[in-house]
Amino acid sequence: MTQRRMHDWSPAAVVFDCDGTLVDSESHWQEARLRVLHRHRLVPAPRFADRAAGLHYSACGRLMAEESGKPELAEEFAGQLLDEFRRLAAAAPVVMPGALALVRLLAARLPLAVASNCPLDVVETSLAGAGLLSRFGPVVVPGEGLRPKPAPDLYETAARRCGVEPAEALAVEDSLTGVDAAREAGLRVVGVGPRPPAPDAGRADLWVGSLADPGLLELVWGWLADG
């Protein structure tokens, strides 16, 4: 979908990813992964950070263990990874550029939700520290039958908990794992961050450099005016 077609449509709800989209927690995840590997006297394989981006922490722990040649340590790696991340995220929450202003603008007119692969306490702590938690309704995470991204469960559930069909909702994501999850659920998707090369760029309906992107804000003002 092109930006022009995005202008011809407006969402009835918006579902945000958390890590790397609303709060800059990917740097915390990277540091947590390095700390766990260092604890085991291991080094990450080339481009490991790219493969790990957007994964549920249990899947990331499994990936770390497999690529280190120690698959039997997958559960241990996952637990240590989450512990390290919790410490880092609680100590230094960082809001992504444009996130606070965009969320405030949308929350005044549309239901908002969060769909994250992180545990609920981690998401809520991160959003509260960033001053964003009160702006959101449902916060949907894996568990109770809901599979993590790239499965579509979180986005489909978040849209429905906002009271709309997935096709009426917009997802905002920074990882291709999350983009794929939202697309499979039936949402339209804005990708945030460096535009990936073709053909991956086409997996989102629109890519913007940040949530402060003037083109994205123009779209949002158009949606709100239409409503």
# chains A, B, ... in the order shown; residues from 1 in each chain; ligands from 1

$ select_by_dssp --residues "region 19-201 of chain A" --states "strand (DSSP E)" --output "ChimeraX atom specification"
/A:112-115,139-140,169-173,188-192

$ residues_around --residues "Gly137 (chain A)" --least-positions-apart "4" --cutoff "9 Å" --atoms "only C-alpha atoms" --output "NGL selection string"
:A and (111-114 or 133 or 161-162)

$ residues_around --residues "Glu124 (chain A)" --least-positions-apart "5" --cutoff "10 Å" --atoms "only C-alpha atoms" --output "MDAnalysis selection string"
chainID A and resid 18 114 118:119 129:130 132:134 139

$ closest_atom_pairs --of "region 15-125 of chain A" --to "region 183-193 of chain A" --cutoff "10 Å" --atoms "only C-alpha atoms" --output "JSON lines"
{"residue": "A:Val15", "atom": "CA", "partner": "A:Leu187", "partner_atom": "CA", "distance": 9.1}
{"residue": "A:Phe16", "atom": "CA", "partner": "A:Val190", "partner_atom": "CA", "distance": 9.7}
{"residue": "A:Gly20", "atom": "CA", "partner": "A:Val192", "partner_atom": "CA", "distance": 8.7}
{"residue": "A:Thr21", "atom": "CA", "partner": "A:Val192", "partner_atom": "CA", "distance": 6.9}

$ write_last_selection --atoms "N, CA, C and O atoms" --output "PDB file, in the first residue's frame"
ATOM      1  N   VAL A  15      -3.075   0.206  17.464  1.00  0.00           N
ATOM      2  CA  VAL A  15      -2.388  -0.720  18.362  1.00  0.00           C
ATOM      3  C   VAL A  15      -0.882  -0.539  18.178  1.00  0.00           C
ATOM      4  O   VAL A  15      -0.362  -0.717  17.078  1.00  0.00           O
ATOM      5  N   PHE A  16      -0.209  -0.178  19.240  1.00  0.00           N
ATOM      6  CA  PHE A  16       1.231   0.062  19.208  1.00  0.00           C
ATOM      7  C   PHE A  16       2.003  -1.133  19.758  1.00  0.00           C
ATOM      8  O   PHE A  16       1.599  -1.735  20.760  1.00  0.00           O
ATOM      9  N   GLY A  20      11.015  -0.475  21.273  1.00  0.00           N
ATOM     10  CA  GLY A  20      11.549   0.065  20.041  1.00  0.00           C
ATOM     11  C   GLY A  20      10.577   0.945  19.283  1.00  0.00           C
ATOM     12  O   GLY A  20      10.970   1.601  18.317  1.00  0.00           O
ATOM     13  N   THR A  21       9.313   0.951  19.703  1.00  0.00           N
ATOM     14  CA  THR A  21       8.297   1.774  19.050  1.00  0.00           C
ATOM     15  C   THR A  21       7.890   2.927  19.955  1.00  0.00           C
ATOM     16  O   THR A  21       7.957   4.089  19.565  1.00  0.00           O
TER      17      THR A  21
END

$ select_by_dssp --residues "chain A" --states "helix (DSSP H, G or I)" --output "PyMOL selection string"
chain A and resi 3-7+26-39+48-52+57-67+71-91+99-107+120-129+133-135+153-161+166-168+176-185+200-203+214-226

$ residues_around --residues "region 209-221 of chain A" --least-positions-apart "5" --cutoff "7 Å" --atoms "only C-alpha atoms" --output "list in words"
His7, Pro97, Gly98, Ala99, Leu102, Val192, Gly193 and Pro194 of chain A

$ residues_around --residues "region 62-70 of chain A" --least-positions-apart "2" --cutoff "10 Å" --atoms "only C-alpha atoms" --output "compact mmCIF listing (two decimals) with all heavy atoms, in the first residue's frame"
# COMPACT_ATOMS: atom_id res chain seq x y z
N ARG A 33 21.27 -9.23 26.32
CA ARG A 33 21.79 -10.40 25.59
C ARG A 33 23.29 -10.52 25.76
O ARG A 33 23.83 -11.62 25.99
CB ARG A 33 21.40 -10.31 24.12
CG ARG A 33 19.92 -10.44 23.86
CD ARG A 33 19.61 -10.60 22.39
NE ARG A 33 19.84 -9.41 21.59
CZ ARG A 33 18.89 -8.55 21.22
NH1 ARG A 33 17.64 -8.72 21.63
NH2 ARG A 33 19.18 -7.51 20.46
N VAL A 36 24.22 -11.79 29.25
CA VAL A 36 23.99 -13.22 29.44
C VAL A 36 25.07 -14.03 28.72
O VAL A 36 25.62 -15.00 29.28
CB VAL A 36 22.59 -13.61 28.94
CG1 VAL A 36 22.41 -15.13 28.96
CG2 VAL A 36 21.52 -12.95 29.81
N LEU A 37 25.36 -13.66 27.50
CA LEU A 37 26.39 -14.39 26.76
C LEU A 37 27.75 -14.26 27.45
O LEU A 37 28.50 -15.24 27.55
CB LEU A 37 26.47 -13.86 25.33
CG LEU A 37 25.28 -14.21 24.44
CD1 LEU A 37 25.36 -13.45 23.11
CD2 LEU A 37 25.20 -15.70 24.18
N HIS A 40 28.28 -16.52 30.31
CA HIS A 40 28.61 -17.90 29.90
C HIS A 40 29.87 -17.96 29.05
O HIS A 40 30.16 -18.98 28.43
CB HIS A 40 27.42 -18.50 29.14
CG HIS A 40 26.22 -18.73 29.99
ND1 HIS A 40 26.00 -19.92 30.65
CD2 HIS A 40 25.17 -17.91 30.31
CE1 HIS A 40 24.86 -19.83 31.34
NE2 HIS A 40 24.34 -18.63 31.14
N LEU A 42 30.60 -16.47 26.22
CA LEU A 42 30.25 -16.67 24.82
C LEU A 42 30.20 -15.31 24.13
O LEU A 42 30.05 -14.27 24.78
CB LEU A 42 28.89 -17.36 24.69
CG LEU A 42 28.78 -18.74 25.31
CD1 LEU A 42 27.32 -19.18 25.40
CD2 LEU A 42 29.60 -19.76 24.51
N VAL A 43 30.34 -15.33 22.81
CA VAL A 43 30.21 -14.10 22.03
C VAL A 43 29.09 -14.30 21.02
O VAL A 43 28.86 -15.42 20.54
CB VAL A 43 31.52 -13.74 21.30
CG1 VAL A 43 32.62 -13.43 22.29
CG2 VAL A 43 31.95 -14.87 20.36
N PRO A 44 28.33 -13.23 20.68
CA PRO A 44 27.24 -13.38 19.72
C PRO A 44 27.74 -13.68 18.32
O PRO A 44 28.81 -13.21 17.92
CB PRO A 44 26.53 -12.03 19.78
CG PRO A 44 27.56 -11.07 20.26
CD PRO A 44 28.44 -11.86 21.19
N ALA A 45 26.97 -14.47 17.58
CA ALA A 45 27.30 -14.76 16.19
C ALA A 45 27.09 -13.49 15.36
O ALA A 45 26.37 -12.58 15.77
CB ALA A 45 26.42 -15.89 15.67
N PHE A 48 23.71 -11.30 14.93
CA PHE A 48 22.77 -11.89 15.89
C PHE A 48 21.69 -10.91 16.30
O PHE A 48 20.52 -11.26 16.43
CB PHE A 48 23.51 -12.39 17.12
CG PHE A 48 22.61 -12.82 18.24
CD1 PHE A 48 21.91 -14.01 18.16
CD2 PHE A 48 22.42 -12.02 19.36
CE1 PHE A 48 21.05 -14.41 19.18
CE2 PHE A 48 21.57 -12.41 20.38
CZ PHE A 48 20.89 -13.61 20.29
N ARG A 51 18.76 -10.86 13.96
CA ARG A 51 17.90 -12.05 14.05
C ARG A 51 17.08 -12.05 15.34
O ARG A 51 15.98 -12.62 15.38
CB ARG A 51 18.74 -13.32 13.96
CG ARG A 51 19.40 -13.54 12.60
CD ARG A 51 20.06 -14.91 12.50
NE ARG A 51 21.16 -15.08 13.42
CZ ARG A 51 22.39 -14.60 13.21
NH1 ARG A 51 22.65 -13.90 12.13
NH2 ARG A 51 23.36 -14.81 14.08
N ALA A 52 17.60 -11.43 16.37
CA ALA A 52 16.92 -11.44 17.67
C ALA A 52 15.87 -10.35 17.79
O ALA A 52 14.99 -10.45 18.65
CB ALA A 52 17.95 -11.29 18.78
N LEU A 55 11.89 -10.68 18.78
CA LEU A 55 11.53 -12.01 19.25
C LEU A 55 11.05 -11.97 20.70
O LEU A 55 11.51 -11.15 21.50
CB LEU A 55 12.73 -12.96 19.16
CG LEU A 55 13.19 -13.38 17.76
CD1 LEU A 55 14.39 -14.32 17.91
CD2 LEU A 55 12.08 -14.04 16.97
N HIS A 56 10.14 -12.87 21.04
CA HIS A 56 9.78 -13.09 22.44
C HIS A 56 11.04 -13.53 23.18
O HIS A 56 11.90 -14.23 22.62
CB HIS A 56 8.70 -14.17 22.53
CG HIS A 56 8.14 -14.36 23.88
ND1 HIS A 56 8.54 -15.40 24.70
CD2 HIS A 56 7.20 -13.67 24.58
CE1 HIS A 56 7.87 -15.34 25.83
NE2 HIS A 56 7.05 -14.31 25.79
N TYR A 57 11.16 -13.14 24.44
CA TYR A 57 12.40 -13.44 25.16
C TYR A 57 12.69 -14.93 25.23
O TYR A 57 13.86 -15.35 25.24
CB TYR A 57 12.38 -12.80 26.55
CG TYR A 57 11.48 -13.49 27.54
CD1 TYR A 57 11.95 -14.52 28.36
CD2 TYR A 57 10.14 -13.12 27.66
CE1 TYR A 57 11.12 -15.15 29.26
CE2 TYR A 57 9.31 -13.75 28.57
CZ TYR A 57 9.80 -14.76 29.36
OH TYR A 57 8.97 -15.38 30.24
N SER A 58 11.65 -15.77 25.26
CA SER A 58 11.90 -17.22 25.30
C SER A 58 12.48 -17.70 23.98
O SER A 58 13.39 -18.55 23.96
CB SER A 58 10.61 -17.97 25.63
OG SER A 58 9.62 -17.74 24.64
N ALA A 59 11.97 -17.16 22.86
CA ALA A 59 12.51 -17.51 21.55
C ALA A 59 13.92 -16.98 21.39
O ALA A 59 14.78 -17.62 20.78
CB ALA A 59 11.60 -16.97 20.44
N CYS A 60 14.17 -15.79 21.96
CA CYS A 60 15.51 -15.23 21.90
C CYS A 60 16.49 -16.07 22.70
O CYS A 60 17.61 -16.33 22.27
CB CYS A 60 15.49 -13.79 22.40
SG CYS A 60 17.06 -12.94 22.18
N GLU A 72 20.74 -26.98 25.18
CA GLU A 72 20.18 -27.41 26.47
C GLU A 72 20.04 -26.25 27.45
O GLU A 72 19.36 -26.38 28.48
CB GLU A 72 21.06 -28.51 27.08
CG GLU A 72 22.42 -28.07 27.59
CD GLU A 72 23.47 -27.94 26.50
OE1 GLU A 72 23.14 -28.11 25.31
OE2 GLU A 72 24.64 -27.66 26.85
N LEU A 73 20.65 -25.11 27.15
CA LEU A 73 20.59 -23.97 28.05
C LEU A 73 19.54 -22.95 27.64
O LEU A 73 19.50 -21.83 28.19
CB LEU A 73 21.96 -23.28 28.10
CG LEU A 73 23.13 -24.09 28.68
CD1 LEU A 73 24.40 -23.25 28.69
CD2 LEU A 73 22.79 -24.57 30.09
N ALA A 74 18.66 -23.31 26.72
CA ALA A 74 17.68 -22.34 26.20
C ALA A 74 16.84 -21.72 27.30
O ALA A 74 16.67 -20.49 27.36
CB ALA A 74 16.79 -23.02 25.15
N GLU A 75 16.31 -22.52 28.18
CA GLU A 75 15.45 -22.00 29.24
C GLU A 75 16.24 -21.14 30.22
O GLU A 75 15.76 -20.08 30.67
CB GLU A 75 14.78 -23.16 29.98
CG GLU A 75 13.75 -22.72 31.00
CD GLU A 75 12.97 -23.88 31.59
OE1 GLU A 75 12.98 -24.99 31.01
OE2 GLU A 75 12.35 -23.69 32.66
N GLU A 76 17.44 -21.56 30.54
CA GLU A 76 18.28 -20.78 31.45
C GLU A 76 18.63 -19.44 30.83
O GLU A 76 18.56 -18.39 31.51
CB GLU A 76 19.56 -21.56 31.77
CG GLU A 76 20.49 -20.84 32.73
CD GLU A 76 21.72 -21.67 33.08
OE1 GLU A 76 21.71 -22.89 32.81
OE2 GLU A 76 22.68 -21.09 33.62
N PHE A 77 19.00 -19.43 29.54
CA PHE A 77 19.32 -18.18 28.86
C PHE A 77 18.11 -17.24 28.86
O PHE A 77 18.24 -16.05 29.10
CB PHE A 77 19.73 -18.47 27.42
CG PHE A 77 21.17 -18.87 27.25
CD1 PHE A 77 21.94 -19.26 28.34
CD2 PHE A 77 21.76 -18.88 26.00
CE1 PHE A 77 23.26 -19.64 28.18
CE2 PHE A 77 23.08 -19.25 25.83
CZ PHE A 77 23.84 -19.63 26.92
N ALA A 78 16.92 -17.78 28.59
CA ALA A 78 15.72 -16.95 28.53
C ALA A 78 15.44 -16.30 29.87
O ALA A 78 15.12 -15.10 29.96
CB ALA A 78 14.53 -17.79 28.08
N LEU A 81 18.02 -13.63 30.56
CA LEU A 81 17.79 -12.50 29.66
C LEU A 81 16.69 -11.59 30.19
O LEU A 81 16.85 -10.36 30.23
CB LEU A 81 17.42 -13.04 28.27
CG LEU A 81 17.09 -12.02 27.19
CD1 LEU A 81 18.30 -11.14 26.90
CD2 LEU A 81 16.63 -12.72 25.92

$ residues_around --residues "Trp29 (chain A)" --least-positions-apart "3" --cutoff "6 Å" --atoms "only C-alpha atoms" --output "ChimeraX atom specification"
/A:26,32,85
